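Text of run05.cif (mmCIF, C-alpha atoms) as supplied:
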```
data_model
loop_
_atom_site.label_atom_id
_atom_site.label_comp_id
_atom_site.auth_asym_id
_atom_site.auth_seq_id
_atom_site.Cartn_x
_atom_site.Cartn_y
_atom_site.Cartn_z
CA MET A 1397 -1.79 6.33 -3.85
CA SER A 1398 -4.61 8.41 -5.32
CA ALA A 1399 -5.20 10.01 -1.90
CA LEU A 1400 -1.48 10.65 -1.44
CA ALA A 1401 -0.67 12.05 -4.92
CA PRO A 1402 -2.14 15.56 -4.38
CA SER A 1403 0.18 16.00 -1.37
CA LEU A 1404 3.32 15.20 -3.34
CA ILE A 1405 5.45 18.03 -4.66
CA GLY A 1406 6.81 17.98 -8.19
CA ASN A 1407 6.03 15.99 -11.28
CA VAL A 1408 3.87 13.05 -10.25
CA ILE A 1409 2.92 10.27 -12.65
CA LYS A 1410 -0.34 9.11 -11.11
CA GLY A 1411 -1.03 6.14 -13.33
CA TYR A 1412 1.34 3.55 -14.64
CA GLY A 1413 -1.35 1.32 -16.06
CA ASP A 1414 -0.80 -2.40 -15.73
CA ILE A 1415 2.28 -2.59 -13.51
CA ARG A 1416 2.99 -6.09 -14.84
CA LEU A 1417 3.97 -4.55 -18.19
CA LYS A 1418 7.37 -2.89 -18.49
CA LYS A 1419 7.38 0.83 -19.25
CA ASN A 1420 10.10 3.42 -19.45
CA TYR A 1421 10.15 6.80 -17.79
CA ASN A 1422 12.96 9.32 -17.74
CA ASN A 1423 14.19 12.04 -15.40
CA LEU A 1424 12.49 10.67 -12.28
CA GLN A 1425 13.83 11.38 -8.80
CA ILE A 1426 11.45 9.10 -6.94
CA VAL A 1427 9.38 6.06 -7.92
CA MET A 1428 6.53 5.21 -5.56
CA HIS A 1429 5.11 1.74 -6.11
CA PHE A 1430 1.64 1.47 -4.56
CA ALA A 1431 0.09 -0.74 -7.24
CA GLY A 1432 -1.31 -4.11 -6.38
CA PRO A 1433 -4.25 -5.92 -4.91
CA SER A 1434 -5.05 -5.09 -1.31
CA ASP A 1435 -8.45 -6.62 -0.78
CA GLU A 1436 -9.49 -10.22 -0.18
CA LEU A 1437 -11.90 -9.93 -3.11
CA ASP A 1438 -8.90 -9.04 -5.32
CA PHE A 1439 -6.92 -12.01 -3.97
CA LYS A 1440 -9.33 -14.51 -5.52
CA ASN A 1441 -7.46 -14.16 -8.81
CA THR A 1442 -4.30 -15.77 -7.45
CA SER A 1443 -2.33 -15.57 -10.71
CA LYS A 1444 -3.00 -11.84 -11.11
CA THR A 1445 -2.17 -11.26 -7.45
CA ALA A 1446 1.18 -13.04 -7.80
CA THR A 1447 2.22 -11.44 -11.08
CA THR A 1448 1.12 -7.95 -10.02
CA MET A 1449 2.98 -8.10 -6.75
CA ILE A 1450 6.12 -9.83 -8.01
CA ASN A 1451 6.53 -8.79 -11.65
CA GLY A 1452 5.02 -5.38 -10.96
CA THR A 1453 7.46 -4.67 -8.17
CA ILE A 1454 10.41 -5.80 -10.27
CA ASN A 1455 9.24 -3.57 -13.15
CA ALA A 1456 8.77 -0.52 -10.91
CA LEU A 1457 12.15 -1.10 -9.28
CA GLU A 1458 13.78 -1.27 -12.73
CA VAL A 1459 12.30 2.16 -13.51
CA ALA A 1460 13.89 3.49 -10.31
CA LYS A 1461 17.24 1.85 -11.11
CA THR A 1462 17.25 3.20 -14.67
CA ASN A 1463 16.61 6.72 -13.33
CA LYS A 1464 18.87 6.34 -10.27
CA ALA A 1465 15.75 7.37 -8.35
CA LYS A 1466 14.62 6.62 -4.85
CA PHE A 1467 12.25 3.65 -4.72
CA VAL A 1468 9.33 3.75 -2.30
CA PHE A 1469 7.56 0.43 -1.92
CA ALA A 1470 4.12 0.13 -0.39
CA SER A 1471 4.47 -3.06 1.57
CA SER A 1472 2.08 -4.12 4.28
CA MET A 1473 1.90 -5.00 7.95
CA ALA A 1474 0.94 -8.43 6.55
CA ALA A 1475 4.66 -8.91 5.85
CA THR A 1476 5.29 -9.04 9.62
CA PHE A 1477 2.91 -11.93 10.29
CA VAL A 1478 2.69 -13.88 7.06
CA GLU A 1479 -0.65 -15.69 7.02
CA ASN A 1480 -1.33 -15.87 3.31
CA ASN A 1481 0.21 -15.35 -0.13
CA TYR A 1482 -0.31 -11.58 0.08
CA GLY A 1483 1.94 -11.28 3.13
CA ALA A 1484 4.44 -13.74 1.66
CA TYR A 1485 4.69 -11.77 -1.60
CA LYS A 1486 5.12 -8.47 0.24
CA LEU A 1487 7.86 -9.90 2.45
CA ALA A 1488 9.62 -11.49 -0.53
CA MET A 1489 9.59 -8.20 -2.43
CA GLU A 1490 10.93 -6.35 0.63
CA HIS A 1491 13.91 -8.73 0.65
CA TYR A 1492 14.36 -8.45 -3.11
CA ILE A 1493 14.44 -4.64 -2.91
CA GLN A 1494 16.89 -4.67 0.01
CA ASP A 1495 19.17 -7.15 -1.76
CA THR A 1496 19.24 -5.46 -5.16
CA TYR A 1497 19.00 -1.69 -4.62
CA ASP A 1498 20.61 0.90 -2.39
CA ASN A 1499 18.10 3.77 -2.40
CA TYR A 1500 14.77 2.59 -1.09
CA LEU A 1501 12.09 3.16 1.53
CA ILE A 1502 9.74 0.32 2.39
CA LEU A 1503 6.44 1.37 3.94
CA ARG A 1504 4.80 -1.24 6.16
CA ILE A 1505 1.29 0.05 5.66
CA PRO A 1506 -1.48 -1.00 8.05
CA ARG A 1507 -5.17 -0.93 7.23
CA VAL A 1508 -5.98 2.59 6.03
CA TYR A 1509 -9.55 3.84 6.41
CA GLY A 1510 -11.35 6.99 5.41
CA GLY A 1511 -14.70 7.99 3.96
CA GLY A 1512 -13.50 7.79 0.36
CA ARG A 1513 -11.78 4.41 0.62
CA LYS A 1514 -13.33 1.71 -1.56
CA LYS A 1515 -11.52 -1.50 -0.64
CA GLY A 1516 -11.42 -4.02 2.16
CA LEU A 1517 -13.55 -3.34 5.19
CA MET A 1518 -14.81 -0.05 3.77
CA ARG A 1519 -16.23 -1.90 0.77
CA LYS A 1520 -17.78 -4.54 2.99
CA ILE A 1521 -19.44 -1.90 5.18
CA ARG A 1522 -20.82 -0.02 2.16
CA ASP A 1523 -22.14 -3.22 0.61
CA ASN A 1524 -23.58 -4.47 3.93
CA LEU A 1525 -21.36 -7.56 3.81
CA VAL A 1526 -20.24 -7.40 7.44
CA PRO A 1527 -22.23 -9.91 9.53
CA LYS A 1528 -24.10 -8.24 12.38
CA HIS A 1529 -22.19 -10.28 14.98
CA ASP A 1530 -18.88 -8.86 13.63
CA MET A 1531 -19.88 -5.20 14.04
CA GLN A 1532 -18.43 -5.12 17.59
CA LYS A 1533 -15.05 -6.55 16.58
CA LEU A 1534 -12.11 -4.25 17.23
CA VAL A 1535 -10.01 -3.20 14.26
CA GLN A 1536 -6.62 -1.51 14.33
CA PHE A 1537 -6.10 0.99 11.51
CA ILE A 1538 -4.72 4.36 10.53
CA ASP A 1539 -6.92 7.19 9.30
CA ILE A 1540 -6.26 8.27 5.71
CA HIS A 1541 -5.25 11.79 6.78
CA ASP A 1542 -2.72 10.48 9.32
CA PHE A 1543 -1.46 8.03 6.68
CA ILE A 1544 -0.82 10.85 4.20
CA GLU A 1545 0.92 13.01 6.82
CA GLU A 1546 3.14 10.18 8.08
CA THR A 1547 4.02 9.10 4.55
CA ILE A 1548 5.04 12.61 3.49
CA ASN A 1549 7.08 13.02 6.67
CA CYS A 1550 9.04 9.77 6.23
CA LEU A 1551 9.94 10.15 2.53
CA SER A 1552 13.39 11.49 3.42
CA LEU A 1553 14.34 8.19 5.08
CA LYS A 1554 16.75 5.98 3.15
CA ASN A 1555 17.17 2.22 3.14
CA GLU A 1556 14.68 1.66 5.93
CA ILE A 1557 11.48 -0.17 6.63
CA TYR A 1558 9.03 2.35 8.07
CA THR A 1559 6.24 1.23 10.38
CA TYR A 1560 3.35 3.65 10.88
CA LYS A 1561 2.63 4.94 14.36
CA ASN A 1562 -0.72 6.77 14.56
CA TYR A 1563 -2.96 3.75 14.98
CA ARG A 1564 -6.55 3.91 16.09
CA VAL A 1565 -8.66 1.07 17.41
CA HIS A 1566 -12.42 1.10 16.86
CA THR A 1567 -15.19 -1.40 16.47
CA ILE A 1568 -16.46 -1.92 12.95
CA ASP A 1569 -19.68 -0.23 14.01
CA GLU A 1570 -17.71 2.82 15.22
CA ILE A 1571 -15.80 2.91 11.92
CA LYS A 1572 -19.10 2.82 10.03
CA LYS A 1573 -20.39 5.78 12.06
CA LYS A 1574 -17.08 7.70 11.94
CA TYR A 1575 -16.98 7.65 8.16
CA SER A 1576 -20.76 7.99 7.66
CA LEU A 1577 -21.11 4.76 5.76
#
```
Kindly present the structure from the file in structure tokens form.
Amino acid sequence: MSALAPSLIGNVIKGYGDIRLKKNYNNLQIVMHFAGPSDELDFKNTSKTATTMINGTINALEVAKTNKAKFVFASSMAATFVENNYGAYKLAMEHYIQDTYDNYLILRIPRVYGGGRKKGLMRKIRDNLVPKHDMQKLVQFIDIHDFIEETINCLSLKNEIYTYKNYRVHTIDEIKKKYSL
């Protein structure tokens, strides 16, 4: 969200704080919920992962409902092939949003990479945690600039699940070189 916020027009509240705690905001037209763990290192705290993704989403949706605002939920491609709790929580929250609100946009976000990203594979590359034999593995992702452009362009959609289109496929070694890591 921090990379997306400068591209948004209007009054943007960049930080909610701990999304698991209820807060009130007034006069909002759109609530974009991008908070939550998105990195396997974050997932180790299973209780925090669960409460952030479930309670946090419910809290953010309540802010949208109170304001009669559009709700934009940052889901994940992991919701399409549930392999772990992360994907299960994302899919459950997608269903919850669809069943309880009538002004939403669900973003099925793939891996997003760019030079300034600090989570997931980007963190592993920076910290030299990728085993040498994995450097030739192919990874499907979207570049941060394409992600921002696609997200801005789809914000007018209503009651849809949006799947990103501008994928790239590179080896981990190519990603490391591309983003000068």
Next item on the list: Run the PyMOL selection byres ((chain A and resi 1494-1498) around 12) on the file and write out the hits as a ChimeraX atom specification.
Entry: /A:1454,1457-1462,1464-1469,1487-1493,1499-1502,1554-1557
Notebook entry, point to check: In Å, with one decimal, what is the gap from atom CA of Gly1432 of chain A to atom CA of Asp1539 of chain A?
Noted result: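 Computed distance, atom CA of Gly1432 of chain A to atom CA of Asp1539 of chain A, equals 20.1 Å.
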Checklist line | Output check: residues returned by the PyMOL selection byres ((chain A and resi 1545) around 12), as a PyMOL selection string | finding: chain A and resi 1399-1404+1538-1544+1546-1551+1560-1562
Next item on the list: Run the PyMOL selection byres ((chain A and resi 1422) around 9) mentally over the shown coordinates, then write out the matched residues as JSON, numbers by chain, using the chain letters and numbers from the document.
Entry: {"A": [1420, 1421, 1423, 1424, 1459, 1462, 1463]}
Can I get the selected residues back with C-alpha atoms, as a PDB file, keeping the file's coordinate frame?
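Writing the result to result-v5.pdb gives the following:
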```pdb
ATOM      1  CA  ASN A1420      10.100   3.420 -19.450  1.00  0.00           C
ATOM      2  CA  TYR A1421      10.150   6.800 -17.790  1.00  0.00           C
ATOM      3  CA  ASN A1423      14.190  12.040 -15.400  1.00  0.00           C
ATOM      4  CA  LEU A1424      12.490  10.670 -12.280  1.00  0.00           C
ATOM      5  CA  VAL A1459      12.300   2.160 -13.510  1.00  0.00           C
ATOM      6  CA  THR A1462      17.250   3.200 -14.670  1.00  0.00           C
ATOM      7  CA  ASN A1463      16.610   6.720 -13.330  1.00  0.00           C
TER       8      ASN A1463
END
```
Next item on the list: Grab the atom CA of Glu1436 of chain A to atom CA of Ala1474 of chain A distance for me, in Å with one decimal place.
Entry: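 For atom CA of Glu1436 of chain A relative to atom CA of Ala1474 of chain A, the distance reads 12.5 Å.
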Next item on the list: Work out how far atom CA of Gly1511 of chain A is from atom CA of His1529 of chain A, in Å to one decimal.
Entry: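 One can read the atom CA of His1529 of chain A to atom CA of Gly1511 of chain A distance as 22.6 Å.
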Checklist line | Best match for closeness to Gly1512 of chain A among A:Phe1430, A:Tyr1575, A:Phe1439, A:Phe1477, counting all atoms listed in the file | finding: A:Tyr1575
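Proximity ranking of A:Ile1568, A:Ala1431, A:Ile1450, A:Ile1426 relative to Arg1522 of chain A places A:Ile1568 first, based on only C-alpha atoms.
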Margin query: Considering only C-alpha atoms, can you say which of A:Lys1444, A:Lys1419, A:Lys1486, A:Lys1572 comes closest to Ile1505 of chain A?
Written below: A:Lys1486
Tell me which residues come within 9 Å of (-0.4, -11.8, -5.9), as a tab-separated table (two decimals) with C-alpha atoms, keeping the file's coordinate frame, counting all atoms listed in the file in the file's coordinates.
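Generated file (out.tsv):
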```
chain	number	residue	atom	x	y	z
A	1432	GLY	CA	-1.31	-4.11	-6.38
A	1433	PRO	CA	-4.25	-5.92	-4.91
A	1438	ASP	CA	-8.90	-9.04	-5.32
A	1439	PHE	CA	-6.92	-12.01	-3.97
A	1441	ASN	CA	-7.46	-14.16	-8.81
A	1442	THR	CA	-4.30	-15.77	-7.45
A	1443	SER	CA	-2.33	-15.57	-10.71
A	1444	LYS	CA	-3.00	-11.84	-11.11
A	1445	THR	CA	-2.17	-11.26	-7.45
A	1446	ALA	CA	1.18	-13.04	-7.80
A	1447	THR	CA	2.22	-11.44	-11.08
A	1448	THR	CA	1.12	-7.95	-10.02
A	1449	MET	CA	2.98	-8.10	-6.75
A	1450	ILE	CA	6.12	-9.83	-8.01
A	1481	ASN	CA	0.21	-15.35	-0.13
A	1482	TYR	CA	-0.31	-11.58	0.08
A	1485	TYR	CA	4.69	-11.77	-1.60
A	1486	LYS	CA	5.12	-8.47	0.24
```
